[in-house]
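Note: the block below is target-v3.tsv and it holds TSV, C-alpha atoms.
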```tsv
chain	number	residue	atom	x	y	z
K	1	MET	CA	58.41	40.69	-36.36
K	2	MET	CA	61.87	42.12	-35.76
K	3	LEU	CA	64.01	38.99	-35.58
K	4	ASN	CA	67.14	41.13	-35.84
K	5	ASN	CA	66.36	42.36	-32.33
K	6	MET	CA	65.95	38.87	-30.93
K	7	PRO	CA	68.26	38.37	-27.92
K	8	VAL	CA	70.74	35.53	-27.70
K	9	ILE	CA	69.00	32.71	-25.83
K	10	ASN	CA	70.86	29.96	-24.01
K	11	GLY	CA	69.03	26.65	-24.30
K	12	ASP	CA	68.16	24.41	-21.39
K	13	PRO	CA	71.43	22.72	-20.30
K	14	LEU	CA	69.76	19.36	-19.62
K	15	TRP	CA	68.27	19.02	-23.09
K	16	ALA	CA	71.43	20.37	-24.70
K	17	LEU	CA	73.41	17.60	-23.01
K	18	LEU	CA	70.83	15.03	-24.05
K	19	GLY	CA	71.31	16.11	-27.65
K	20	ARG	CA	75.06	15.68	-27.25
K	21	PHE	CA	74.54	12.20	-25.76
K	22	ARG	CA	72.35	11.12	-28.66
K	23	ALA	CA	74.98	12.30	-31.15
K	24	ASP	CA	77.71	10.33	-29.33
K	25	GLN	CA	78.59	7.25	-31.41
K	26	ARG	CA	80.35	5.32	-28.63
K	27	LYS	CA	78.53	2.05	-27.93
K	28	HIS	CA	79.43	2.03	-24.23
K	29	LYS	CA	77.88	5.45	-23.51
K	30	ILE	CA	75.69	5.81	-20.41
K	31	ASP	CA	72.81	8.29	-20.07
K	32	LEU	CA	72.36	9.48	-16.47
K	33	LEU	CA	70.72	12.76	-17.44
K	34	VAL	CA	66.93	12.85	-17.71
K	35	GLY	CA	64.88	11.73	-14.69
K	36	VAL	CA	63.14	8.66	-16.06
K	37	TYR	CA	63.02	5.10	-14.75
K	38	ARG	CA	64.71	2.48	-16.92
K	39	ASP	CA	64.82	-1.29	-16.72
K	40	GLU	CA	67.94	-3.45	-17.10
K	41	HIS	CA	67.55	-3.27	-20.88
K	42	GLY	CA	67.71	0.52	-20.78
K	43	ASN	CA	64.04	0.95	-21.67
K	44	THR	CA	61.47	3.17	-19.97
K	45	PRO	CA	58.54	0.75	-19.94
K	46	VAL	CA	54.84	1.51	-19.86
K	47	MET	CA	53.53	0.05	-16.62
K	48	LYS	CA	51.39	-3.05	-17.06
K	49	THR	CA	48.66	-1.44	-14.95
K	50	VAL	CA	48.78	1.64	-17.17
K	51	GLN	CA	48.41	-0.55	-20.27
K	52	ASP	CA	45.41	-2.27	-18.70
K	53	ALA	CA	43.86	1.10	-17.89
K	54	GLU	CA	44.38	2.33	-21.44
K	55	ILE	CA	42.74	-0.79	-22.90
K	56	HIS	CA	39.76	-0.33	-20.60
K	57	LEU	CA	39.47	3.37	-21.47
K	58	ALA	CA	39.69	2.64	-25.21
K	59	HIS	CA	36.82	0.16	-24.97
K	60	GLU	CA	34.72	2.48	-22.84
K	61	ALA	CA	35.44	5.72	-24.73
K	62	HIS	CA	32.31	7.71	-25.49
K	63	SER	CA	33.58	11.13	-26.52
K	64	LYS	CA	36.56	13.40	-26.98
K	65	ALA	CA	34.53	16.53	-26.31
K	66	TYR	CA	36.03	19.43	-24.37
K	67	GLY	CA	36.15	19.08	-20.61
K	68	MET	CA	36.25	21.74	-17.93
K	69	LEU	CA	39.00	24.32	-17.44
K	70	SER	CA	39.90	22.63	-14.14
K	71	GLY	CA	40.36	19.27	-15.88
K	72	ASN	CA	39.17	15.86	-14.75
K	73	ALA	CA	37.19	16.40	-11.53
K	74	ASN	CA	37.48	12.78	-10.34
K	75	PHE	CA	41.23	12.81	-10.91
K	76	ASN	CA	41.58	16.09	-9.00
K	77	GLN	CA	39.83	14.75	-5.92
K	78	GLN	CA	41.60	11.36	-6.07
K	79	MET	CA	45.01	13.01	-6.35
K	80	ALA	CA	44.23	15.39	-3.50
K	81	LYS	CA	43.42	12.39	-1.32
K	82	PHE	CA	46.50	10.46	-2.52
K	83	VAL	CA	48.77	13.40	-1.62
K	84	LEU	CA	47.04	14.64	1.54
K	85	GLY	CA	45.70	11.36	2.88
K	86	ASP	CA	42.26	10.66	4.26
K	87	ARG	CA	42.23	13.45	6.82
K	88	PRO	CA	40.49	16.75	7.70
K	89	SER	CA	42.92	18.78	5.56
K	90	LEU	CA	41.09	17.45	2.49
K	91	ASN	CA	38.36	19.97	3.35
K	92	ASN	CA	40.87	22.79	2.94
K	93	GLN	CA	42.10	21.96	-0.57
K	94	CYS	CA	41.23	23.54	-3.89
K	95	THR	CA	42.74	21.42	-6.69
K	96	ILE	CA	42.98	21.86	-10.45
K	97	GLN	CA	44.49	19.52	-13.06
K	98	THR	CA	47.63	20.85	-14.76
K	99	VAL	CA	50.06	20.03	-17.55
K	100	GLY	CA	52.40	18.01	-15.35
K	101	ALA	CA	53.99	19.27	-12.16
K	102	SER	CA	55.95	21.86	-14.15
K	103	GLY	CA	52.63	23.27	-15.30
K	104	ALA	CA	51.46	23.24	-11.68
K	105	LEU	CA	54.57	25.07	-10.51
K	106	ARG	CA	54.10	27.76	-13.15
K	107	LEU	CA	50.36	28.05	-12.48
K	108	ILE	CA	51.00	28.60	-8.78
K	109	ALA	CA	53.82	31.02	-9.59
K	110	ASP	CA	51.37	33.04	-11.69
K	111	LEU	CA	48.89	32.90	-8.81
K	112	ILE	CA	51.52	34.19	-6.36
K	113	ALA	CA	52.38	36.99	-8.79
K	114	ILE	CA	48.73	38.09	-8.71
K	115	LEU	CA	48.12	37.68	-4.98
K	116	SER	CA	51.49	38.86	-3.67
K	117	PRO	CA	53.78	40.17	-6.44
K	118	ASP	CA	56.43	41.43	-3.98
K	119	SER	CA	56.94	38.00	-2.45
K	120	THR	CA	60.31	36.28	-2.76
K	121	VAL	CA	60.28	32.56	-3.54
K	122	TRP	CA	63.01	30.70	-1.65
K	123	ILE	CA	64.40	27.62	-3.42
K	124	SER	CA	67.06	25.13	-2.35
K	125	ASP	CA	70.64	25.33	-3.62
K	126	PRO	CA	71.26	22.90	-5.19
K	127	GLY	CA	67.72	22.34	-6.40
K	128	TYR	CA	65.55	21.34	-9.30
K	129	ILE	CA	66.96	23.03	-12.38
K	130	ASN	CA	63.56	24.33	-13.53
K	131	HIS	CA	62.41	25.90	-10.25
K	132	ARG	CA	64.14	29.23	-10.84
K	133	PRO	CA	63.07	29.77	-14.48
K	134	LEU	CA	59.48	28.80	-13.66
K	135	MET	CA	59.29	31.29	-10.79
K	136	GLU	CA	61.18	34.06	-12.57
K	137	GLY	CA	59.13	33.47	-15.70
K	138	ALA	CA	56.11	34.59	-13.67
K	139	GLY	CA	57.96	37.76	-12.69
K	140	LEU	CA	58.78	36.65	-9.14
K	141	THR	CA	61.98	37.32	-7.21
K	142	VAL	CA	63.93	34.17	-6.31
K	143	ASN	CA	66.43	33.64	-3.51
K	144	THR	CA	68.16	30.48	-2.30
K	145	TYR	CA	68.87	28.58	0.90
K	146	PRO	CA	71.63	25.92	1.23
K	147	TRP	CA	70.66	22.25	1.23
K	148	GLN	CA	73.63	19.89	1.21
K	149	ASN	CA	76.75	20.22	3.35
K	150	LYS	CA	80.20	18.89	2.51
K	151	ASN	CA	79.42	15.59	4.24
K	152	GLY	CA	76.46	14.87	1.98
K	153	GLN	CA	73.88	15.60	4.68
K	154	LEU	CA	71.09	18.17	4.97
K	155	ASP	CA	72.73	21.47	5.99
K	156	ILE	CA	69.85	22.34	8.28
K	157	ASP	CA	71.56	25.09	10.28
K	158	ALA	CA	72.79	26.93	7.17
K	159	CYS	CA	69.32	26.53	5.67
K	160	PHE	CA	67.61	28.27	8.57
K	161	ALA	CA	70.33	30.91	8.79
K	162	ALA	CA	69.55	31.88	5.20
K	163	LEU	CA	65.79	31.84	5.83
K	164	GLU	CA	66.23	34.41	8.61
K	165	LYS	CA	66.33	36.94	5.76
K	166	ALA	CA	62.88	35.88	4.52
K	167	LYS	CA	60.07	38.35	5.16
K	168	ALA	CA	56.41	37.84	5.96
K	169	GLY	CA	54.52	36.73	2.86
K	170	ASP	CA	57.53	35.11	1.21
K	171	VAL	CA	57.20	31.57	-0.15
K	172	LEU	CA	59.33	28.57	0.84
K	173	LEU	CA	59.57	25.98	-1.94
K	174	LEU	CA	60.41	22.49	-0.66
K	175	HIS	CA	60.65	19.03	-2.24
K	176	ALA	CA	58.20	16.69	-0.52
K	177	CYS	CA	60.55	13.70	-0.91
K	178	CYS	CA	63.41	12.36	-3.06
K	179	HIS	CA	65.05	15.78	-3.25
K	180	ASN	CA	66.22	16.65	-6.76
K	181	PRO	CA	69.21	16.62	-7.24
K	182	THR	CA	70.68	15.44	-3.93
K	183	GLY	CA	68.39	12.61	-2.77
K	184	ILE	CA	68.63	14.14	0.74
K	185	ASP	CA	65.28	14.39	2.55
K	186	PRO	CA	64.46	16.01	5.91
K	187	SER	CA	63.53	13.85	8.87
K	188	LEU	CA	60.08	14.39	10.39
K	189	GLU	CA	61.75	16.37	13.18
K	190	GLN	CA	63.34	18.63	10.57
K	191	TRP	CA	60.02	18.97	8.76
K	192	GLN	CA	58.60	20.20	12.06
K	193	ARG	CA	61.35	22.82	12.18
K	194	PHE	CA	60.41	23.98	8.68
K	195	SER	CA	56.79	24.18	9.78
K	196	ASP	CA	57.71	26.15	12.90
K	197	LYS	CA	59.84	28.54	10.83
K	198	CYS	CA	56.98	29.18	8.40
K	199	LYS	CA	54.62	29.97	11.27
K	200	GLN	CA	57.19	32.11	13.08
K	201	LYS	CA	57.96	34.27	10.05
K	202	ASN	CA	54.58	34.02	8.32
K	203	ILE	CA	56.13	32.29	5.29
K	204	VAL	CA	53.90	30.35	2.89
K	205	PRO	CA	54.97	26.72	2.28
K	206	PHE	CA	55.00	25.54	-1.33
K	207	ILE	CA	55.58	21.78	-1.67
K	208	ASP	CA	56.75	20.14	-4.89
K	209	MET	CA	55.61	16.48	-4.84
K	210	ALA	CA	57.11	14.96	-7.99
K	211	TYR	CA	58.27	11.56	-6.71
K	212	GLN	CA	55.64	10.22	-4.30
K	213	GLY	CA	56.21	6.48	-3.98
K	214	PHE	CA	59.82	6.51	-5.19
K	215	GLY	CA	61.36	7.05	-1.74
K	216	ASP	CA	59.87	4.67	0.83
K	217	ASP	CA	56.14	4.32	0.06
K	218	PRO	CA	53.46	6.86	-0.88
K	219	ASP	CA	52.31	7.59	2.67
K	220	THR	CA	55.81	7.80	4.16
K	221	ASP	CA	56.92	10.02	1.29
K	222	ALA	CA	54.01	12.37	2.00
K	223	ALA	CA	54.49	12.48	5.78
K	224	GLY	CA	56.51	15.71	5.83
K	225	LEU	CA	54.11	17.41	3.43
K	226	ARG	CA	51.12	16.37	5.55
K	227	LEU	CA	52.81	17.63	8.70
K	228	ILE	CA	53.53	21.09	7.32
K	229	ILE	CA	50.09	21.36	5.68
K	230	LYS	CA	48.38	20.46	8.96
K	231	ASP	CA	50.15	23.37	10.64
K	232	SER	CA	49.46	25.91	7.86
K	233	ASP	CA	46.52	28.21	7.21
K	234	PHE	CA	47.65	28.73	3.62
K	235	ALA	CA	49.94	26.65	1.38
K	236	PHE	CA	50.58	25.46	-2.17
K	237	ILE	CA	51.21	21.97	-3.60
K	238	ALA	CA	52.37	20.86	-7.06
K	239	ALA	CA	52.12	17.11	-7.70
K	240	SER	CA	52.84	14.82	-10.65
K	241	CYS	CA	52.01	11.36	-12.01
K	242	SER	CA	55.02	11.37	-14.34
K	243	LYS	CA	57.31	9.25	-12.19
K	244	ASN	CA	55.07	7.06	-10.05
K	245	MET	CA	52.79	6.08	-12.97
K	246	GLY	CA	55.33	6.47	-15.77
K	247	LEU	CA	53.06	9.02	-17.49
K	248	TYR	CA	55.99	11.23	-18.46
K	249	ASN	CA	54.83	12.51	-21.84
K	250	GLU	CA	51.15	12.57	-20.85
K	251	ARG	CA	51.97	15.62	-18.66
K	252	THR	CA	49.60	14.76	-15.83
K	253	GLY	CA	49.64	16.74	-12.60
K	254	ILE	CA	47.74	18.92	-10.16
K	255	ALA	CA	48.07	22.31	-8.51
K	256	THR	CA	46.54	22.58	-5.05
K	257	VAL	CA	45.89	25.65	-2.93
K	258	MET	CA	45.36	24.89	0.76
K	259	THR	CA	43.42	27.38	2.85
K	260	THR	CA	41.29	27.20	5.96
K	261	ASN	CA	39.26	30.13	4.59
K	262	HIS	CA	36.57	28.03	2.92
K	263	GLU	CA	34.62	31.09	1.82
K	264	ARG	CA	37.38	31.89	-0.70
K	265	HIS	CA	37.57	28.44	-2.33
K	266	ALA	CA	35.26	29.39	-5.20
K	267	ASP	CA	37.28	32.56	-5.85
K	268	ILE	CA	40.54	30.60	-5.84
K	269	GLN	CA	39.11	28.04	-8.27
K	270	THR	CA	37.94	30.82	-10.59
K	271	LEU	CA	41.30	32.57	-10.45
K	272	LEU	CA	43.20	29.35	-11.22
K	273	GLU	CA	40.88	28.67	-14.17
K	274	THR	CA	41.30	32.25	-15.41
K	275	ILE	CA	45.10	31.83	-15.44
K	276	THR	CA	44.93	28.52	-17.31
K	277	ARG	CA	42.36	29.89	-19.77
K	278	ALA	CA	44.83	32.58	-20.77
K	279	ASN	CA	47.60	30.02	-21.09
K	280	TYR	CA	46.53	26.59	-22.41
K	281	SER	CA	42.77	26.71	-21.78
K	282	MET	CA	42.39	23.19	-20.35
K	283	PRO	CA	44.66	20.21	-19.70
K	284	PRO	CA	44.60	17.00	-21.79
K	285	ASN	CA	42.42	14.25	-20.36
K	286	HIS	CA	44.11	10.98	-21.33
K	287	GLY	CA	46.76	10.88	-18.61
K	288	ALA	CA	44.27	12.04	-15.99
K	289	ALA	CA	41.79	9.34	-17.04
K	290	VAL	CA	44.50	6.68	-16.75
K	291	ALA	CA	45.58	7.99	-13.34
K	292	SER	CA	41.97	8.13	-12.15
K	293	TYR	CA	41.47	4.49	-13.17
K	294	LEU	CA	44.57	3.45	-11.20
K	295	LEU	CA	43.70	5.54	-8.15
K	296	ASP	CA	40.19	4.08	-8.06
K	297	LYS	CA	41.58	0.57	-7.43
K	298	PRO	CA	45.26	1.15	-6.63
K	299	ASP	CA	46.44	-2.22	-5.28
K	300	ALA	CA	47.98	-3.66	-8.47
K	301	TRP	CA	49.54	-0.31	-9.42
K	302	LEU	CA	51.08	0.13	-5.96
K	303	VAL	CA	52.65	-3.33	-6.21
K	304	GLU	CA	54.13	-2.42	-9.59
K	305	LEU	CA	55.34	0.91	-8.23
K	306	ALA	CA	56.99	-0.90	-5.31
K	307	SER	CA	58.91	-3.08	-7.77
K	308	TYR	CA	60.21	0.04	-9.53
K	309	ARG	CA	61.18	1.60	-6.21
K	310	GLY	CA	62.89	-1.60	-5.13
K	311	ARG	CA	64.94	-1.76	-8.31
K	312	VAL	CA	66.15	1.82	-7.90
K	313	ASP	CA	67.15	1.16	-4.29
K	314	THR	CA	68.96	-2.01	-5.31
K	315	ILE	CA	70.98	-0.05	-7.89
K	316	ARG	CA	71.69	2.67	-5.34
K	317	GLN	CA	72.96	0.17	-2.75
K	318	ALA	CA	75.04	-1.69	-5.33
K	319	LEU	CA	76.68	1.52	-6.53
K	320	GLY	CA	77.41	2.57	-2.95
K	321	LYS	CA	78.94	-0.84	-2.17
K	322	ALA	CA	81.04	-0.79	-5.36
K	323	LEU	CA	82.46	2.60	-4.40
K	324	LYS	CA	83.08	1.48	-0.82
K	325	ASP	CA	84.87	-1.66	-2.04
K	326	ARG	CA	87.17	0.60	-4.06
K	327	ASP	CA	87.90	2.77	-1.00
K	328	ALA	CA	86.18	5.82	-2.46
K	329	PRO	CA	86.19	8.91	-0.21
K	330	ALA	CA	83.44	9.04	2.41
K	331	GLU	CA	81.47	11.76	0.61
K	332	PHE	CA	80.76	9.31	-2.25
K	333	LEU	CA	79.32	6.69	0.08
K	334	ASP	CA	76.32	8.81	1.07
K	335	ILE	CA	74.69	7.62	-2.15
K	336	SER	CA	73.60	4.52	-0.22
K	337	HIS	CA	71.62	6.59	2.31
K	338	GLN	CA	69.87	8.91	-0.12
K	339	LYS	CA	66.46	8.39	-1.72
K	340	GLY	CA	64.73	8.59	-5.04
K	341	MET	CA	65.96	8.89	-8.57
K	342	PHE	CA	68.87	11.27	-8.14
K	343	SER	CA	72.12	11.77	-6.30
K	344	LEU	CA	74.79	14.42	-6.55
K	345	LEU	CA	78.30	13.12	-7.22
K	346	PRO	CA	80.88	15.23	-5.35
K	347	LEU	CA	82.71	16.02	-8.59
K	348	THR	CA	83.58	19.40	-10.06
K	349	GLU	CA	82.10	20.64	-13.31
K	350	ASN	CA	85.42	19.90	-15.02
K	351	GLN	CA	85.45	16.35	-13.62
K	352	MET	CA	81.92	15.80	-14.90
K	353	LEU	CA	83.15	16.93	-18.32
K	354	ILE	CA	85.99	14.38	-18.12
K	355	LEU	CA	83.41	11.74	-17.19
K	356	GLN	CA	81.59	12.60	-20.40
K	357	ASP	CA	84.52	13.10	-22.76
K	358	GLU	CA	86.77	10.24	-21.68
K	359	PHE	CA	84.30	7.68	-20.34
K	360	ALA	CA	81.09	8.39	-22.31
K	361	ILE	CA	79.12	8.81	-19.06
K	362	TYR	CA	76.71	11.74	-19.14
K	363	GLY	CA	75.57	13.48	-15.96
K	364	MET	CA	74.76	17.10	-15.22
K	365	PRO	CA	77.60	19.63	-14.72
K	366	ASN	CA	76.69	20.00	-11.03
K	367	GLY	CA	77.24	16.25	-10.48
K	368	ARG	CA	73.63	15.10	-10.65
K	369	ILE	CA	73.13	11.56	-11.92
K	370	ASN	CA	69.91	9.64	-12.47
K	371	ILE	CA	70.31	6.49	-10.38
K	372	ALA	CA	67.06	5.18	-11.91
K	373	GLY	CA	68.66	5.29	-15.36
K	374	LEU	CA	71.64	3.12	-14.44
K	375	LYS	CA	71.86	-0.59	-15.29
K	376	MET	CA	73.38	-3.03	-12.83
K	377	THR	CA	75.79	-4.06	-15.56
K	378	GLU	CA	76.98	-0.44	-15.90
K	379	ILE	CA	77.96	0.00	-12.25
K	380	PRO	CA	81.55	-1.30	-12.74
K	381	GLN	CA	82.06	1.11	-15.67
K	382	LEU	CA	80.79	4.07	-13.63
K	383	THR	CA	82.80	3.07	-10.56
K	384	ASP	CA	86.01	2.67	-12.59
K	385	ALA	CA	85.48	6.07	-14.19
K	386	ILE	CA	84.87	7.83	-10.86
K	387	MET	CA	87.91	6.26	-9.23
K	388	SER	CA	90.08	7.13	-12.23
K	389	ILE	CA	89.01	10.76	-12.11
K	390	ILE	CA	89.41	11.34	-8.37
K	391	SER	CA	92.84	9.65	-8.31
K	392	ARG	CA	94.35	12.19	-10.70
```
Render the structure in this file as structure tokens.
Amino acid sequence: MMLNNMPVINGDPLWALLGRFRADQRKHKIDLLVGVYRDEHGNTPVMKTVQDAEIHLAHEAHSKAYGMLSGNANFNQQMAKFVLGDRPSLNNQCTIQTVGASGALRLIADLIAILSPDSTVWISDPGYINHRPLMEGAGLTVNTYPWQNKNGQLDIDACFAALEKAKAGDVLLLHACCHNPTGIDPSLEQWQRFSDKCKQKNIVPFIDMAYQGFGDDPDTDAAGLRLIIKDSDFAFIAASCSKNMGLYNERTGIATVMTTNHERHADIQTLLETITRANYSMPPNHGAAVASYLLDKPDAWLVELASYRGRVDTIRQALGKALKDRDAPAEFLDISHQKGMFSLLPLTENQMLILQDEFAIYGMPNGRINIAGLKMTEIPQLTDAIMSIISR
């Protein structure tokens, strides 16, 4: 192995910053980096319903033998129904368990590279930091469309102006809800415009559903996805249990291919399994078994999820009010209207560095902060720091 020829590799900026945060010795430091839910003590708890499921599974365990390449079949069908709803489109889905939603995104990217290698994948700017490397890692071309305007709203006209350059067979990657990093979601009317654009230009929708249940409720959060899927003959979905079940390190997700051509379902399933076989063979079962247990009788879990969602919204509203009370510029107040774990502070990269260096508050260079990682008691510290920086 010729290590002397190894290229210089830049590490992932998120995990590099997390390493810097952990090395910071200041006791008042605040971590707003990684997208995990935290309670007021700063812990990322295991859900009580997840603990109950794990106890049940431990008592009932019969074997750790290998499963199928497509993963846990019950989980796959339950997740498809959770995402798509109890509707005719369930007949059009072909679903396989994956190693989290990131694994689903890469699996579908590899599928696109086989089926249509000349396709361009269109991603939002700003967007999820891992979308581009996952798509480009599969050898696909990536282009961007704008998402947020200067007033902190969805820049819908600029978005569609950019998509005029998309060609037939290209892929449009959208967040189903709780857009990462902006927290700005389309209205149902705007979802209809996306659907119409896909049909008009013969673009394939690809929906990333990472936060179902963290916006309004699971069905409302899936409404846009269900609308665009209903109108599509062919589409892709990546979905995750990391956030809504707290199964972060269990890496539990699904990849779904939607097609009205039922005769090709078996071929699609085989192709998906062939890709995973050459990659990681089969996904781990524990997280899928837990998720399947919760999805079988979801009432208690949905109540617990609602409490998480409510806490995040309470923090979001409190931060927005604190900034408003300090007469922060209008673009900062949109935090109150956004949804999900993240928002994008309208600060420059240099201002975000000042936030880190002077105030021990760590967010991403593009301004992204994890609202779900903020304590109520930390809101005054964050507000003071923001106001200090923008007044300079």
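Proximity ranking of K:Trp122, K:Tyr128, K:Phe234, K:Phe332 relative to Lys199 of chain K places K:Phe234 first, based on only C-alpha atoms.
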Can you work out which one of K:Leu319, K:Leu188, K:Ala23, K:Leu105 has the shortest atom-to-atom distance to Ile207 of chain K, counting only C-alpha atoms?
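Counting only C-alpha atoms, the residue closest to Ile207 of chain K is K:Leu105.
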Record the distance separating atom CA of Tyr211 of chain K and atom CA of Lys243 of chain K, expressed in Å with one decimal.
6.0 Å
Residue among K:Lys339, K:Arg311, K:Arg26, K:Arg193 lying closest to Asp39 of chain K, counting only C-alpha atoms
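Among the listed residues, K:Arg311 lies closest to Asp39 of chain K.
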Find the distance between atom CA of Trp147 of chain K and atom CA of Cys159 of chain K and write it in Å to one decimal.
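Between atom CA of Trp147 of chain K and atom CA of Cys159 of chain K the gap is 6.3 Å.
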Using all atoms listed in the file, which residues sit within 8 Å of Cys178 of chain K once same-chain residues fewer than 2 positions away are excluded, as number ranges by chain?
K: 175-176, 180, 182-185, 211, 214-215, 338-342
Need the shell around segment 43-51 of chain K: protein/DNA/RNA residues with any atom at most 12 Å away, counting all atoms listed in the file. Skip same-chain ones fewer than 2 positions apart. Format as a PyMOL selection string?
chain K and resi 31+34-41+53-58+241-250+286-295+297-308+372-375
Which of K:Ile96, K:Asp334, K:Ala222, K:Val204 sits closest to His265 of chain K [using all atoms listed in the file]
K:Ile96
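Around Gly71 of chain K, within 8 Å and counting all atoms listed in the file, the residues found are Asn76, Ile96, Gln97, Thr98, Met282, Pro283, Pro284 and Asn285 of chain K, once anything fewer than 5 positions away on its own chain is removed.
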Taking (59.0, 32.5, -10.1) in the coordinates of the supplied file, I want to know which residues reach to within 12 Å of it, counting all atoms listed in the file; could you give the answer as a PyMOL selection string?
chain K and resi 102+105-114+116-123+130-143+170-173+206
Within-7 Å shell of (63.0, 21.9, 3.9) in input frame, all atoms listed in the file, as a PDB file with C-alpha atoms, in the coordinates of the input:
```
ATOM      1  CA  LEU K 174      60.410  22.490  -0.660  1.00  0.00           C
ATOM      2  CA  PRO K 186      64.460  16.010   5.910  1.00  0.00           C
ATOM      3  CA  TRP K 191      60.020  18.970   8.760  1.00  0.00           C
ATOM      4  CA  PHE K 194      60.410  23.980   8.680  1.00  0.00           C
TER       5      PHE K 194
END
```
What's the separation between atom CA of Lys197 of chain K and atom CA of Leu115 of chain K, in Å to one decimal place?
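According to the coordinates, atom CA of Lys197 of chain K and atom CA of Leu115 of chain K are separated by 21.7 Å.
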